[in-house]
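What follows is a set of notes on a single structure, which appears directly below.
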Amino acid sequence: MENKSIMEELLVKKSQQKKMVSRSNYKERLFVLTKTSLSYYDYDYGKEKRGTRKGSIDIKKIRCVEAVHLVEETPPERQYPFQIVYKDGLLYVFSANEGSRRRWLDALHREIKDNEDLLNKYHKGFFSSGKFLCCSQACKAAPGCTVWEKYSSLQSASSSMKPLPPLPRQWSSMKHMEYQPASPTSAKSFLKERASVHNYEPKGSGVLKHKEPDWWQVGDMEGGSAETAEVLSTEEEENTANYDWYAGSLSRAQAEQLLRQKGKEGAFMVRNSSHEGKLTVSVLSMTYRDKKGIVKHYHVHVNSANQFYLAKNYCFDSLPKLIYYHQHNSAGIVTRLRHAVSPKANKVPSTASLRNGPWELKREEIVLQKEIGSGQFGVVQMGKWKGKYDVAVKMIKQGSMSEDEFIEEAETMMKLDHPKLVKLYGVCTKTYPIYIVAEYMANGCLLNYLKKHGKELHRFQLVEMCFHVCEAMAFLESHQFIHRDLAARNCLVDTDLTVKVSDFGMTRYVLDDQYVSSLGTKFPVKWSAPEVFHYAKFSSKSDVWAFGILMWEVFTLGKPPYERYDNMQVIEKVCRGYRLYRPQLASKAVYQIMCSCWHELPENRPTFHHLLLLMELQRKDDKP
């Protein structure tokens with residue numbers, strides 16, 4: 001019977017803090033594992049039975065289950081934490097002892113082994129105070145920083161899929177954790193903890209009120225409320241207040257950049273503040289002498305009457321009411337909120353299935369709308385899938401690529417899923433022209449973006465862009481996948497200024513003299529390493545060389561490398577030890593990272609994993 005209980009035990013659950021203003025709290029819950037879900041309930045001690053269900057996670061959506069490293073000054077009752085990473089969030093749970101934790105890990109690993117998108121890296125530290133304690137990444141959806149040792153054994157145990165190669169073991173700083181077979185389920189493990197309310201996401205306009213010292217009451221504008229609602233269903237979460245003006249965890253600099261791009265008086269957004277638990281309203285005023293305008297940032301405050309305000313004389317029961325008022329009245333701020341600016345886009349959801357088979361898409365479901373670019377393969381169009389989702393469609397002109405070879409590899413390329421890689425959704429090959437359908441990136445290619453908007457960017461934003469690319473390349477490196485054409489022209493910029501790597505591995509299929517050497521091998525000369533010149537030898541280390549050139553492109557705001565020399569002159573000069581000069585915007589430390597990528601011998605160049613560490617240090621140094 002599919003819903004029969006596999007395990008039941010009283011465990012402590014940490015609040016998920018889906019709202020910036022929610023507190024970190026702990027509650028004892030009865031956890032119940034079945035073949036289809038992991039659910040947790042109130043527990044009636046008097047009757048010794050489960051009460052109201054407080055939350056549930058679909059087993060198929062779980063991506064990782066692993067222990068969490070302890071932090072300092074951990075209470076005795078929370079010495080054995082583990083985490084459940086799933087598509088919609090992150091849950092921390094605490095067992096009473098190591099035996100209990102081990103049983104839950106073993107049981108959950110058995111149930112998730114056939115899941116299609118398990119993680120090969122995870123965060124070994126808690127997400128606390130707005131960042132992961134292990135790597136300081138500030139986004140809950142940030143890619144993992146530590147090899148998940150269990151990944152490879154779970155993948156090999158699954159008969160339903162062929163896994164990509166696991167990450168190299170030598171990257172892991174953790175010792176392999178040996179798990180013993182699960183022993184019979186412990187019926188009760190009583191962990192007593194005073195608890196306060198967890199998160200509630202209203203369906204309508206949310207109101208969050210402080211009720212008692214450790215309790216928060218949440219209501220919506222239709223009058224509904226919930227004092228202890230912890231986790232809503234996926235459907236309910238998707239229907240929460242997705243206002244156009246809410247921009248999530250954008251940095252101050254990103255907000256200013258997007259508002260200035262809008263260039264209209266009163267362009268605004270609401271974003272998570274760098275101060276934990278606060279929100280910020282950022283608004284552009286064009287009334288100043290500066291042609292680009294001035295962006296003002298206002299913290300959203302809550303007074304003793306639990307009302308929201310920007311200016312003390314104008315207080316409201318909810319954030320949406322506050323924003324609505326200031327959309328019509330400036331009332332103490334620099335200008336009224338006229339034009340909502342949002343980084344959101346009509347992305348294809350990760351749960352959507354575009355395919356009519358393993359990789360073939362239905363051409364009739366894709367409507368082309370406008371040309372957004374062109375490349376060595378042909379024209380690129382923006383399109384709509386089923387009239388709803390934005391996609392980019394590369395229309396392959398005949399004779400521009402080795403089609404059969406590409407189609408053979410397309411399915412493998414689609415399995416490479418990472419937040420900093422442009423998603424490849426599929427292909428349409430039944431008739432010409434062939435379509436390659438990919439994620440739509442509203443701000444276009446990085447090279448053009450740098451040329452157009454580069455002067456508006458702060459130096460630390462340039463570092464951030466390089467870091468995004470490095471994250472993607474470390475992922476490809478870990479899967480033993482070589483890009484072969486890493487360059488600013490092959491990276492794209494999303495609505496929130498995230499940079500993603502595109503066209504990975506595509507040069508193998510190019511039929512273009514620009515990419516062909518005298519040996520007949522395809523490569524972009526000015527981004528290529530000496531071993532590519534001499535021996536047509538490609539590796540992740542030749543991608544590292546190209547990454548150094550890409551960094552140079554970013555810090556020169558899109559200048560062409562070696563612009564005074566043709567391809568043959570570049571080969572000659574590089575082989576003699578010539579390297580690109582330090583860009584004016586690059587610090588000595590940044591330039592040293594570039595130069596480390598340009599060692600003549602591949603073995604002397606850093607890996608992308610090492611580069612990530614160097615770039616992370618640079619991000620901290622350059623952050624304002």
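Chain labels run A, B, ... following the order of the structure tokens; each chain numbers its residues from 1, and ligands are numbered from 1 in the order shown.
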Show me, as a VMD selection string, the residues that have an atom within 7 Å of A:Leu486 when counting only C-alpha atoms, minus same-chain residues fewer than 6 positions from it.
chain A and resid 543 546 to 547
Select from stretch 410-490 of chain A every residue with an atom at most 10 Å from any atom of stretch 604-607 of chain A, then for each give the shortest pair of atoms and their distance in Å to one decimal, using only C-alpha atoms, rows by chain and rising number, as a tab-separated table.
residue	atom	partner	partner_atom	distance
A:Met473	CA	A:Thr607	CA	9.7
A:Ala474	CA	A:Thr607	CA	7.9
A:Glu477	CA	A:Thr607	CA	8.3
Go ahead and compute the interatomic distance for atom CA of A:Ser95 and atom CA of A:Leu108, in Å to one decimal.
14.0 Å
For stretch 307-310 of chain A: contacts at 9 Å, only C-alpha atoms, fewer than 4 positions along chain excluded, given as a ChimeraX atom specification:
/A:209,281,298-303,314-319,321-322,332-333
Write the residues of the preceding selection, restricted to all heavy atoms, as a compact mmCIF listing (two decimals), in the first residue's frame.
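And here's part22.txt as it stands now:
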# COMPACT_ATOMS: atom_id res chain seq x y z
N LYS A 209 1.52 40.80 11.55
CA LYS A 209 1.41 41.57 12.79
C LYS A 209 2.08 40.84 13.93
O LYS A 209 1.96 39.63 14.06
CB LYS A 209 -0.06 41.80 13.14
CG LYS A 209 -0.81 42.70 12.14
CD LYS A 209 -2.23 42.92 12.59
CE LYS A 209 -2.99 43.81 11.62
NZ LYS A 209 -4.39 44.02 12.04
N VAL A 281 12.23 49.93 -0.20
CA VAL A 281 11.61 50.47 -1.42
C VAL A 281 12.66 51.32 -2.11
O VAL A 281 13.19 52.28 -1.52
CB VAL A 281 10.36 51.30 -1.11
CG1 VAL A 281 9.81 51.94 -2.38
CG2 VAL A 281 9.29 50.44 -0.44
N TYR A 298 14.40 53.44 0.68
CA TYR A 298 13.66 53.66 1.92
C TYR A 298 13.38 52.31 2.60
O TYR A 298 12.80 51.41 1.98
CB TYR A 298 12.32 54.35 1.64
CG TYR A 298 12.45 55.71 0.99
CD1 TYR A 298 12.45 55.84 -0.40
CD2 TYR A 298 12.57 56.87 1.76
CE1 TYR A 298 12.56 57.08 -1.01
CE2 TYR A 298 12.68 58.12 1.16
CZ TYR A 298 12.68 58.21 -0.23
OH TYR A 298 12.79 59.44 -0.82
N HIS A 299 13.77 52.18 3.87
CA HIS A 299 13.40 51.00 4.63
C HIS A 299 11.91 51.02 4.93
O HIS A 299 11.34 52.09 5.23
CB HIS A 299 14.16 50.93 5.96
CG HIS A 299 15.56 50.43 5.82
ND1 HIS A 299 15.89 49.34 5.06
CD2 HIS A 299 16.72 50.87 6.36
CE1 HIS A 299 17.19 49.13 5.13
NE2 HIS A 299 17.73 50.05 5.90
N VAL A 300 11.27 49.87 4.86
CA VAL A 300 9.89 49.73 5.31
C VAL A 300 9.93 49.50 6.82
O VAL A 300 10.54 48.53 7.28
CB VAL A 300 9.18 48.55 4.61
CG1 VAL A 300 7.76 48.39 5.14
CG2 VAL A 300 9.15 48.77 3.09
N HIS A 301 9.30 50.37 7.58
CA HIS A 301 9.30 50.28 9.04
C HIS A 301 7.96 49.77 9.55
O HIS A 301 6.93 49.89 8.87
CB HIS A 301 9.59 51.65 9.65
CG HIS A 301 10.92 52.22 9.27
ND1 HIS A 301 12.10 51.78 9.82
CD2 HIS A 301 11.26 53.18 8.36
CE1 HIS A 301 13.11 52.45 9.29
NE2 HIS A 301 12.62 53.31 8.40
N VAL A 302 7.96 49.25 10.76
CA VAL A 302 6.73 48.83 11.44
C VAL A 302 6.69 49.53 12.79
O VAL A 302 7.64 49.45 13.57
CB VAL A 302 6.69 47.29 11.64
CG1 VAL A 302 5.38 46.89 12.32
CG2 VAL A 302 6.85 46.58 10.32
N ASN A 303 5.59 50.25 13.06
CA ASN A 303 5.50 51.00 14.31
C ASN A 303 4.92 50.15 15.44
O ASN A 303 4.65 48.96 15.26
CB ASN A 303 4.68 52.29 14.11
CG ASN A 303 3.24 52.00 13.72
OD1 ASN A 303 2.74 50.87 13.90
ND2 ASN A 303 2.57 53.00 13.18
N TYR A 314 2.29 58.40 7.57
CA TYR A 314 1.47 57.66 6.61
C TYR A 314 1.68 56.17 6.85
O TYR A 314 2.60 55.57 6.30
CB TYR A 314 1.84 58.05 5.17
CG TYR A 314 1.77 59.55 4.95
CD1 TYR A 314 2.91 60.35 5.09
CD2 TYR A 314 0.57 60.17 4.63
CE1 TYR A 314 2.86 61.72 4.91
CE2 TYR A 314 0.50 61.55 4.45
CZ TYR A 314 1.64 62.32 4.60
OH TYR A 314 1.58 63.68 4.42
N CYS A 315 0.79 55.61 7.71
CA CYS A 315 0.95 54.22 8.16
C CYS A 315 -0.22 53.37 7.67
O CYS A 315 -1.36 53.85 7.58
CB CYS A 315 1.01 54.18 9.69
SG CYS A 315 2.32 55.20 10.39
N PHE A 316 0.08 52.07 7.41
CA PHE A 316 -0.93 51.20 6.80
C PHE A 316 -0.85 49.80 7.40
O PHE A 316 0.19 49.38 7.91
CB PHE A 316 -0.71 51.13 5.28
CG PHE A 316 -0.75 52.50 4.64
CD1 PHE A 316 0.41 53.26 4.52
CD2 PHE A 316 -1.94 53.04 4.20
CE1 PHE A 316 0.39 54.52 3.97
CE2 PHE A 316 -1.99 54.31 3.66
CZ PHE A 316 -0.81 55.06 3.53
N ASP A 317 -1.97 49.11 7.33
CA ASP A 317 -2.08 47.79 7.94
C ASP A 317 -1.32 46.71 7.18
O ASP A 317 -1.10 45.61 7.70
CB ASP A 317 -3.55 47.36 8.03
CG ASP A 317 -4.31 48.21 9.04
OD1 ASP A 317 -3.65 48.76 9.95
OD2 ASP A 317 -5.54 48.32 8.92
N SER A 318 -0.94 46.97 5.94
CA SER A 318 -0.23 45.96 5.15
C SER A 318 0.73 46.63 4.20
O SER A 318 0.58 47.81 3.85
CB SER A 318 -1.21 45.08 4.38
OG SER A 318 -1.76 45.79 3.28
N LEU A 319 1.70 45.86 3.75
CA LEU A 319 2.66 46.38 2.78
C LEU A 319 1.98 46.72 1.45
O LEU A 319 2.24 47.78 0.88
CB LEU A 319 3.80 45.36 2.58
CG LEU A 319 4.87 45.75 1.56
CD1 LEU A 319 5.59 47.03 2.00
CD2 LEU A 319 5.87 44.62 1.39
N LYS A 321 -1.00 47.74 0.90
CA LYS A 321 -1.76 48.98 1.07
C LYS A 321 -0.81 50.18 1.08
O LYS A 321 -1.12 51.24 0.52
CB LYS A 321 -2.56 48.93 2.37
CG LYS A 321 -3.79 48.04 2.29
CD LYS A 321 -4.55 48.08 3.61
CE LYS A 321 -5.81 47.22 3.55
NZ LYS A 321 -6.54 47.21 4.84
N LEU A 322 0.34 50.00 1.72
CA LEU A 322 1.34 51.07 1.75
C LEU A 322 1.81 51.41 0.34
O LEU A 322 1.88 52.59 -0.03
CB LEU A 322 2.52 50.63 2.62
CG LEU A 322 3.74 51.55 2.58
CD1 LEU A 322 3.94 52.22 3.92
CD2 LEU A 322 5.00 50.79 2.22
N GLY A 332 5.99 62.29 1.58
CA GLY A 332 7.18 62.11 2.41
C GLY A 332 8.34 61.42 1.73
O GLY A 332 9.43 61.37 2.27
N ILE A 333 8.14 60.86 0.53
CA ILE A 333 9.26 60.28 -0.22
C ILE A 333 9.50 61.14 -1.45
O ILE A 333 8.72 62.03 -1.79
CB ILE A 333 9.01 58.80 -0.59
CG1 ILE A 333 7.79 58.66 -1.50
CG2 ILE A 333 8.83 57.96 0.67
CD1 ILE A 333 7.58 57.22 -2.00
Taking 6 positions as the minimum chain separation for residues in the same chain, which residues sit within 6 Å of stretch 24-36 of chain A when counting only C-alpha atoms? Answer as a list in words.
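My list of contacting residues is Glu2, Asn3, Lys4, Ser5, Ile6, Met7, Glu8, Glu9, Leu10, Leu11, Val12, Lys13, Lys14, Ser15, Asp42, Ile59, Ala195 and Ser196 of chain A.
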Write the residues of the preceding selection, restricted to N, CA, C and O atoms, as an mmCIF file, in the first residue's frame.
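For reference, selection-v5.cif as written:
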data_model
loop_
_atom_site.group_PDB
_atom_site.id
_atom_site.type_symbol
_atom_site.label_atom_id
_atom_site.label_comp_id
_atom_site.auth_asym_id
_atom_site.auth_seq_id
_atom_site.Cartn_x
_atom_site.Cartn_y
_atom_site.Cartn_z
ATOM 1 N N GLU A 2 0.696 2.136 -0.972
ATOM 2 C CA GLU A 2 1.649 3.215 -1.224
ATOM 3 C C GLU A 2 1.713 4.235 -0.087
ATOM 4 O O GLU A 2 2.763 4.795 0.213
ATOM 5 N N ASN A 3 0.584 4.504 0.606
ATOM 6 C CA ASN A 3 0.576 5.515 1.647
ATOM 7 C C ASN A 3 0.819 4.940 3.036
ATOM 8 O O ASN A 3 0.610 5.613 4.038
ATOM 9 N N LYS A 4 1.230 3.711 3.123
ATOM 10 C CA LYS A 4 1.534 3.094 4.402
ATOM 11 C C LYS A 4 2.759 3.779 5.003
ATOM 12 O O LYS A 4 3.742 4.073 4.333
ATOM 13 N N SER A 5 2.707 4.011 6.309
ATOM 14 C CA SER A 5 3.796 4.686 6.998
ATOM 15 C C SER A 5 5.060 3.819 7.008
ATOM 16 O O SER A 5 5.020 2.641 7.355
ATOM 17 N N ILE A 6 6.187 4.440 6.612
ATOM 18 C CA ILE A 6 7.487 3.773 6.662
ATOM 19 C C ILE A 6 8.184 4.078 7.977
ATOM 20 O O ILE A 6 8.790 3.205 8.596
ATOM 21 N N MET A 7 8.103 5.327 8.391
ATOM 22 C CA MET A 7 8.689 5.760 9.659
ATOM 23 C C MET A 7 7.812 6.830 10.274
ATOM 24 O O MET A 7 7.217 7.646 9.565
ATOM 25 N N GLU A 8 7.753 6.855 11.602
ATOM 26 C CA GLU A 8 7.099 7.920 12.348
ATOM 27 C C GLU A 8 7.944 8.219 13.579
ATOM 28 O O GLU A 8 8.395 7.306 14.262
ATOM 29 N N GLU A 9 8.137 9.507 13.842
ATOM 30 C CA GLU A 9 8.915 9.872 15.023
ATOM 31 C C GLU A 9 8.714 11.345 15.338
ATOM 32 O O GLU A 9 8.537 12.169 14.433
ATOM 33 N N LEU A 10 8.739 11.665 16.625
ATOM 34 C CA LEU A 10 8.691 13.060 17.039
ATOM 35 C C LEU A 10 10.076 13.678 16.876
ATOM 36 O O LEU A 10 11.049 13.214 17.467
ATOM 37 N N LEU A 11 10.153 14.729 16.045
ATOM 38 C CA LEU A 11 11.403 15.427 15.776
ATOM 39 C C LEU A 11 11.158 16.925 15.935
ATOM 40 O O LEU A 11 10.007 17.375 15.994
ATOM 41 N N VAL A 12 12.218 17.681 15.972
ATOM 42 C CA VAL A 12 12.097 19.142 16.062
ATOM 43 C C VAL A 12 12.325 19.746 14.685
ATOM 44 O O VAL A 12 13.288 19.409 13.998
ATOM 45 N N LYS A 13 11.450 20.636 14.300
ATOM 46 C CA LYS A 13 11.516 21.289 12.988
ATOM 47 C C LYS A 13 11.863 22.764 13.167
ATOM 48 O O LYS A 13 11.311 23.441 14.028
ATOM 49 N N LYS A 14 12.778 23.239 12.333
ATOM 50 C CA LYS A 14 13.141 24.667 12.343
ATOM 51 C C LYS A 14 12.261 25.411 11.341
ATOM 52 O O LYS A 14 11.966 24.909 10.264
ATOM 53 N N SER A 15 11.842 26.606 11.705
ATOM 54 C CA SER A 15 11.017 27.406 10.790
ATOM 55 C C SER A 15 11.776 27.679 9.508
ATOM 56 O O SER A 15 12.999 27.812 9.499
ATOM 57 N N ASP A 42 0.907 18.190 14.173
ATOM 58 C CA ASP A 42 0.792 18.433 15.604
ATOM 59 C C ASP A 42 0.723 17.089 16.316
ATOM 60 O O ASP A 42 0.284 16.089 15.726
ATOM 61 N N ILE A 59 7.786 13.385 -2.099
ATOM 62 C CA ILE A 59 9.057 12.646 -2.175
ATOM 63 C C ILE A 59 9.761 12.900 -3.504
ATOM 64 O O ILE A 59 10.993 13.040 -3.558
ATOM 65 N N ALA A 195 7.920 26.772 21.521
ATOM 66 C CA ALA A 195 7.854 27.078 20.081
ATOM 67 C C ALA A 195 7.118 28.369 19.842
ATOM 68 O O ALA A 195 6.259 28.779 20.604
ATOM 69 N N SER A 196 7.467 29.008 18.766
ATOM 70 C CA SER A 196 6.708 30.159 18.290
ATOM 71 C C SER A 196 6.319 29.933 16.847
ATOM 72 O O SER A 196 6.743 28.980 16.224
#
May I have the residues within 9 Å of A:Val295 as an NGL selection string, using only C-alpha atoms and disregarding those fewer than 2 positions away in the same chain?
:A and (255-256 or 259-260 or 268 or 282-286 or 293 or 297)
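Picture a line from atom CA of A:Tyr325 to atom CA of A:Lys291; it runs 27.8 Å.
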Check the smallest atom-to-atom distance from each of A:Ser249, A:Thr287, A:Ser37, A:Gln254 to A:Leu457 using only C-alpha atoms, then report the winner.
A:Gln254
